[in-house]
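Trainee: This structure is in structure tokens; I'll ask about it shortly.
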Amino acid sequence: MIKEKRKQKKYTQEKMSQLLGISLRQYVRIDNEEDLPRRDVLKNLIAELDLTNEEIGAYIRKMSQDQDIV
């Protein structure tokens, strides 16, 4: 979902990593839904990609299940 939203905005992974103030490697892991971002990064990600409450809720639930986070 993150990757699709990024592509809709025509942002590269590098551009997103710069906007979020994180490494490209770290962003790629977020983009590929391998890592749940830290709270501060998540807050910026929501703002940059104009994520709705429903989208971010679904993303966090999916990531939490994938990573066995409660």
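Every chain in the structure tokens takes a letter, A first, then B, and so on in the order presented; its residues are numbered from 1, and the ligands are numbered from 1 following the presented order.
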Just list the residues in chain A DSSP gives alpha helix (DSSP H) on the backbone, as an MDAnalysis selection string.
Mentor: chainID A and resid 2:8 13:20 24:31 39:49 53:66
Trainee: Using only C-alpha atoms, which residues sit within 9 Å of stretch 29-34 of chain A once same-chain residues fewer than 3 positions away are excluded, as number ranges by chain?
Mentor: A: 1-4, 6, 13, 24-26, 37, 59, 63, 66-67
Trainee: What's the separation between atom CA of A:Leu51 and atom CA of A:Lys5, in Å to one decimal place?
Mentor: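 Between atom CA of A:Leu51 and atom CA of A:Lys5 the gap is 8.1 Å.
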Trainee: Within 12 Å of stretch 39-44 of chain A, counting only C-alpha atoms, which residues show up once you throw out same-chain ones fewer than 5 positions away? Write them as a list of chain:residue names, please.
Mentor: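 Once the adjacent positions are removed, what remains is A:Ile2, A:Met16, A:Ser17, A:Gln18, A:Leu19, A:Leu20, A:Gly21, A:Ile22, A:Ser23, A:Gln26, A:Tyr27, A:Ile30, A:Asp31, A:Leu49, A:Asp50, A:Leu51, A:Thr52, A:Asn53, A:Ile56, A:Gly57, A:Tyr59, A:Ile60.
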Trainee: How far is it from atom CA of A:Glu14 to atom CA of A:Gln65, in Å with one decimal?
Mentor: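 That distance, rounded to one decimal, is 27.3 Å.
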Trainee: Calculated over only C-alpha atoms, which of the candidates A:Ser64, A:Glu48, A:Ala58, A:Arg38 has the smallest distance to A:Lys15?
Mentor: A:Glu48
